[in-house]
Structure formats: C-alpha cells, structure tokens
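Report on the structure given below.
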Amino acid sequence: MSAQPDPAPLLIACALGIEHLALRAGDRGGAGGPVTVVRTGMGPKAADRSVTRVLADPHLADAAVLATGFCAGLAPGMHPGDLVVAEETRDPRGTVPCVGTELLVKELARTLPGRTVHTGPLTGSDHVVRGPERSDLLATGAIAVDMESAATLLSAVRTGPRPVAAVRVVVDAPEHELVRIGTVRGGISAFRVLRSVLPAFFEWHRSLLLPRR
C-alpha cells in the first residue's frame, strides 16, 4: 500500500504584533494540514521580503497563502469589526485573483454570525490611508485598503503556483477613523473578530485538499 502524500501546508501572513497575537489567541487547531503563521512586518516591502523568504523553505514550496490582519474600509456604511474577503488584490505592480472567495464568505458568516462580510477588490498602499484619499481609492472600485495583502499575494504567486486569498477585518472606516489601534472601541472590536477567524481559514484550506471530481 503506497503512502499518502503529506497534505499541502497553509501559510497565514499578517504584519503587526497585535494581529499575530489575535491569531495565536484564536488558534485551537483544526487545520487540514500543517499551518505556519508569519508576522511579516509593516508595509509592502517587508511583506514581499518575508513571504519570499518563508516560501523558499522546501516544506512550504506548495503552501496555500492567506493574507490577513486589519484594514481600512473605503465605502460609506462600513464599520469596525466588519470583514472583507478579497475577490482580488491590487497594487501598482499587478493584480492577483483570489481563490475560494465564496467559501470564505460562507464560513465566516457561520463562524461569526451577525458580522457583515464585504467582498470586492482589496487595494494596497505603501502608507496609512486617511481622509480624502479614501474617496480616491473607492473610485477605483476597491472596497478596502491595507499595506501588505497585495504584496503578500503577489510574492506568493511569483514564487510558484498556489491558491491565495486575503481576509481583512475593518479597523477604521470613513465615519470611524482611528488614530491608534487598540485604544479605541473600534480597534478592540476588530481584534476580537480577528481572534475568531481561524476556523473559517481552516475550512478554506481543507477544501483545497479535497480531491477534484
């Protein structure tokens, strides 16, 4: 009887220490294969360097990659604690389509009932976006912005073909702009949501391991 191949691993990438803390606090197991959570550091350059380095490990050569953490909502009516599931990520270097968006929406709605889940393009920036700049980005069709997701996914697919996705938690929005994460109610709400998302990520990962018919 031939040995079964090891399941493909999952790499979850976030930027900030508080994001990494939230994910660690919510990790109670249940993934379909080995899981690595990496803190890349802030900004697209740091994300690019970190993801490229981690995926150079032969054990992670075929890993699925999911970018997560906090983001700024761009559309009126978005609130801290809302979820954003990217249909694609964008930055000046390119656009990367995401895999399994519908499944992630379904699992997040099941895991976090009552939380609003938005889907659409997630755009990248090399700085924190505030004020009128939100309107300019919204006009491009993007629904949210962060500094690392686009760079993370672009680096991942350039390293080799693999499933990629991005799920972000809104920490501020046009009517709820924050100055510092963690000191305002919106930041605390976003932390609690991020702490609860891993079961949905694990279901997404498991779905990738199922044989195709």
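Identifiers in the structure tokens: chain A, B, ... in order shown; residue index from 1 per chain; ligand index from 1 in order shown.
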Need to verify the contact set: region 60-73 of chain A, 8 Å, only C-alpha atoms, exclusion of same-chain residues closer than 6 positions in sequence. Can you return it as a PyMOL selection string?
chain A and resi 8-16+19+54+79+129+143-146+148-149+152-153+156+160-174+190+194+205
Tell me, in Å to one decimal, how far CA of Met147 (chain A) is from CA of Gly43 (chain A).
5.1 Å
Could you name the residues that touch Thr52 (chain A) at 7 Å or less, counting only C-alpha atoms, but leaving out those on the same chain fewer than 2 positions away, as a VMD selection string?
chain A and resid 48 to 50 54 to 56 155 to 156 159
Taking 2 positions as the minimum chain separation for residues in the same chain, which residues sit within 10 Å of region 135-137 of chain A when counting only C-alpha atoms? Answer as an mmCIF file with N, CA, C and O atoms, in the first residue's frame.
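And here's selection13.cif as it stands now:
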data_model
loop_
_atom_site.group_PDB
_atom_site.id
_atom_site.type_symbol
_atom_site.label_atom_id
_atom_site.label_comp_id
_atom_site.auth_asym_id
_atom_site.auth_seq_id
_atom_site.Cartn_x
_atom_site.Cartn_y
_atom_site.Cartn_z
ATOM 1 N N LEU A 74 -13.236 51.513 2.828
ATOM 2 C CA LEU A 74 -13.327 52.682 1.953
ATOM 3 C C LEU A 74 -14.750 53.149 1.707
ATOM 4 O O LEU A 74 -14.965 54.316 1.379
ATOM 5 N N ALA A 75 -15.718 52.250 1.839
ATOM 6 C CA ALA A 75 -17.094 52.575 1.451
ATOM 7 C C ALA A 75 -17.886 53.123 2.626
ATOM 8 O O ALA A 75 -17.744 52.645 3.762
ATOM 9 N N PRO A 76 -18.727 54.108 2.387
ATOM 10 C CA PRO A 76 -19.623 54.578 3.444
ATOM 11 C C PRO A 76 -20.475 53.418 3.965
ATOM 12 O O PRO A 76 -20.878 52.540 3.207
ATOM 13 N N LEU A 122 -9.428 44.422 -3.023
ATOM 14 C CA LEU A 122 -8.670 44.946 -1.883
ATOM 15 C C LEU A 122 -7.402 45.568 -2.448
ATOM 16 O O LEU A 122 -6.610 44.891 -3.115
ATOM 17 N N THR A 123 -7.220 46.848 -2.224
ATOM 18 C CA THR A 123 -6.085 47.544 -2.826
ATOM 19 C C THR A 123 -4.962 47.734 -1.820
ATOM 20 O O THR A 123 -5.182 47.756 -0.608
ATOM 21 N N GLY A 124 -3.747 47.853 -2.334
ATOM 22 C CA GLY A 124 -2.586 48.028 -1.490
ATOM 23 C C GLY A 124 -2.105 49.469 -1.475
ATOM 24 O O GLY A 124 -2.328 50.234 -2.418
ATOM 25 N N SER A 125 -1.432 49.832 -0.395
ATOM 26 C CA SER A 125 -0.849 51.164 -0.254
ATOM 27 C C SER A 125 0.477 51.031 0.475
ATOM 28 O O SER A 125 0.692 50.071 1.218
ATOM 29 N N VAL A 129 -3.691 55.129 4.951
ATOM 30 C CA VAL A 129 -4.606 55.969 4.165
ATOM 31 C C VAL A 129 -5.591 56.656 5.101
ATOM 32 O O VAL A 129 -6.234 56.032 5.936
ATOM 33 N N ARG A 130 -5.721 57.961 4.936
ATOM 34 C CA ARG A 130 -6.645 58.737 5.764
ATOM 35 C C ARG A 130 -7.377 59.769 4.914
ATOM 36 O O ARG A 130 -6.952 60.125 3.824
ATOM 37 N N GLY A 131 -8.485 60.255 5.452
ATOM 38 C CA GLY A 131 -9.193 61.391 4.884
ATOM 39 C C GLY A 131 -9.615 61.220 3.440
ATOM 40 O O GLY A 131 -10.078 60.155 3.027
ATOM 41 N N PRO A 132 -9.438 62.277 2.641
ATOM 42 C CA PRO A 132 -9.946 62.288 1.258
ATOM 43 C C PRO A 132 -9.346 61.197 0.375
ATOM 44 O O PRO A 132 -9.935 60.836 -0.647
ATOM 45 N N GLU A 133 -8.171 60.678 0.728
ATOM 46 C CA GLU A 133 -7.554 59.645 -0.098
ATOM 47 C C GLU A 133 -8.434 58.397 -0.186
ATOM 48 O O GLU A 133 -8.381 57.661 -1.166
ATOM 49 N N ALA A 139 -13.056 55.234 -5.689
ATOM 50 C CA ALA A 139 -13.413 55.499 -7.085
ATOM 51 C C ALA A 139 -12.773 54.500 -8.042
ATOM 52 O O ALA A 139 -13.245 54.333 -9.178
ATOM 53 N N THR A 140 -11.729 53.812 -7.626
ATOM 54 C CA THR A 140 -11.103 52.785 -8.467
ATOM 55 C C THR A 140 -11.865 51.473 -8.425
ATOM 56 O O THR A 140 -11.534 50.534 -9.158
ATOM 57 N N GLY A 141 -12.858 51.365 -7.534
ATOM 58 C CA GLY A 141 -13.624 50.131 -7.379
ATOM 59 C C GLY A 141 -13.233 49.320 -6.167
ATOM 60 O O GLY A 141 -13.909 48.335 -5.829
ATOM 61 N N ALA A 142 -12.147 49.695 -5.488
ATOM 62 C CA ALA A 142 -11.721 48.965 -4.292
ATOM 63 C C ALA A 142 -12.673 49.249 -3.139
ATOM 64 O O ALA A 142 -13.248 50.331 -3.039
ATOM 65 N N ILE A 143 -12.836 48.257 -2.252
ATOM 66 C CA ILE A 143 -13.709 48.441 -1.091
ATOM 67 C C ILE A 143 -12.922 48.603 0.211
ATOM 68 O O ILE A 143 -13.476 49.029 1.220
ATOM 69 N N ALA A 144 -11.630 48.263 0.183
ATOM 70 C CA ALA A 144 -10.804 48.381 1.389
ATOM 71 C C ALA A 144 -9.348 48.481 0.973
ATOM 72 O O ALA A 144 -8.982 48.157 -0.164
ATOM 73 N N VAL A 145 -8.517 48.931 1.919
ATOM 74 C CA VAL A 145 -7.098 49.109 1.639
ATOM 75 C C VAL A 145 -6.284 48.657 2.838
ATOM 76 O O VAL A 145 -6.681 48.836 3.981
ATOM 77 N N PRO A 174 -14.653 55.337 6.811
ATOM 78 C CA PRO A 174 -14.821 56.780 6.632
ATOM 79 C C PRO A 174 -15.478 57.495 7.805
ATOM 80 O O PRO A 174 -15.063 58.597 8.173
#
Using only C-alpha atoms, which of the listed residues (A:Met42, A:Val117, A:Leu104, A:Ile188) sits closest to Leu208 (chain A)?
A:Leu104
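Each of A:Lys106, A:Arg206, A:Arg192, A:His127 was compared to Pro44 (chain A) using only C-alpha atoms, and A:His127 turns out to be the nearest.
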So that I can check the secondary structure, give me every residue of chain A assigned strand (DSSP E) by backbone DSSP, as an NGL selection string.
:A and (10-14 or 35-39 or 64-73 or 83-91 or 94-97 or 117-124 or 144-146 or 164-172)
Going by DSSP on the backbone, which residues of region 17-122 of chain A come out as helix (DSSP H, G or I)? List them as a ChimeraX atom specification.
/A:17-26,44-55,58-60,101-111
Region 108-114 of chain A environment, 8 Å, only C-alpha atoms, sequence neighbours closer than 3 positions dropped, as number ranges by chain
A: 104-105, 117, 193, 196-197, 199-200
List the neighbours of Arg115 (chain A) out to 8 Å using only C-alpha atoms; skip same-chain residues closer than 5 positions along the sequence, and give me the result as a PDB file with N, CA, C and O atoms, in the first residue's frame.
ATOM      1  N   GLY A  81     -14.863  46.065  12.757  1.00  0.00           N
ATOM      2  CA  GLY A  81     -15.328  44.713  13.028  1.00  0.00           C
ATOM      3  C   GLY A  81     -15.964  44.040  11.832  1.00  0.00           C
ATOM      4  O   GLY A  81     -16.155  42.821  11.836  1.00  0.00           O
ATOM      5  N   ASP A  82     -16.311  44.796  10.779  1.00  0.00           N
ATOM      6  CA  ASP A  82     -16.755  44.177   9.525  1.00  0.00           C
ATOM      7  C   ASP A  82     -15.600  43.383   8.922  1.00  0.00           C
ATOM      8  O   ASP A  82     -14.422  43.686   9.156  1.00  0.00           O
ATOM      9  N   LEU A  83     -15.954  42.391   8.116  1.00  0.00           N
ATOM     10  CA  LEU A  83     -14.957  41.566   7.443  1.00  0.00           C
ATOM     11  C   LEU A  83     -14.906  41.888   5.959  1.00  0.00           C
ATOM     12  O   LEU A  83     -15.931  42.204   5.347  1.00  0.00           O
ATOM     13  N   ALA A 109     -19.428  33.756   7.764  1.00  0.00           N
ATOM     14  CA  ALA A 109     -20.789  34.022   8.229  1.00  0.00           C
ATOM     15  C   ALA A 109     -21.229  32.982   9.242  1.00  0.00           C
ATOM     16  O   ALA A 109     -21.957  33.291  10.201  1.00  0.00           O
TER      17      ALA A 109
END
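Put simply, CA of Leu138 (chain A) is 20.4 Å away from CA of Thr101 (chain A).
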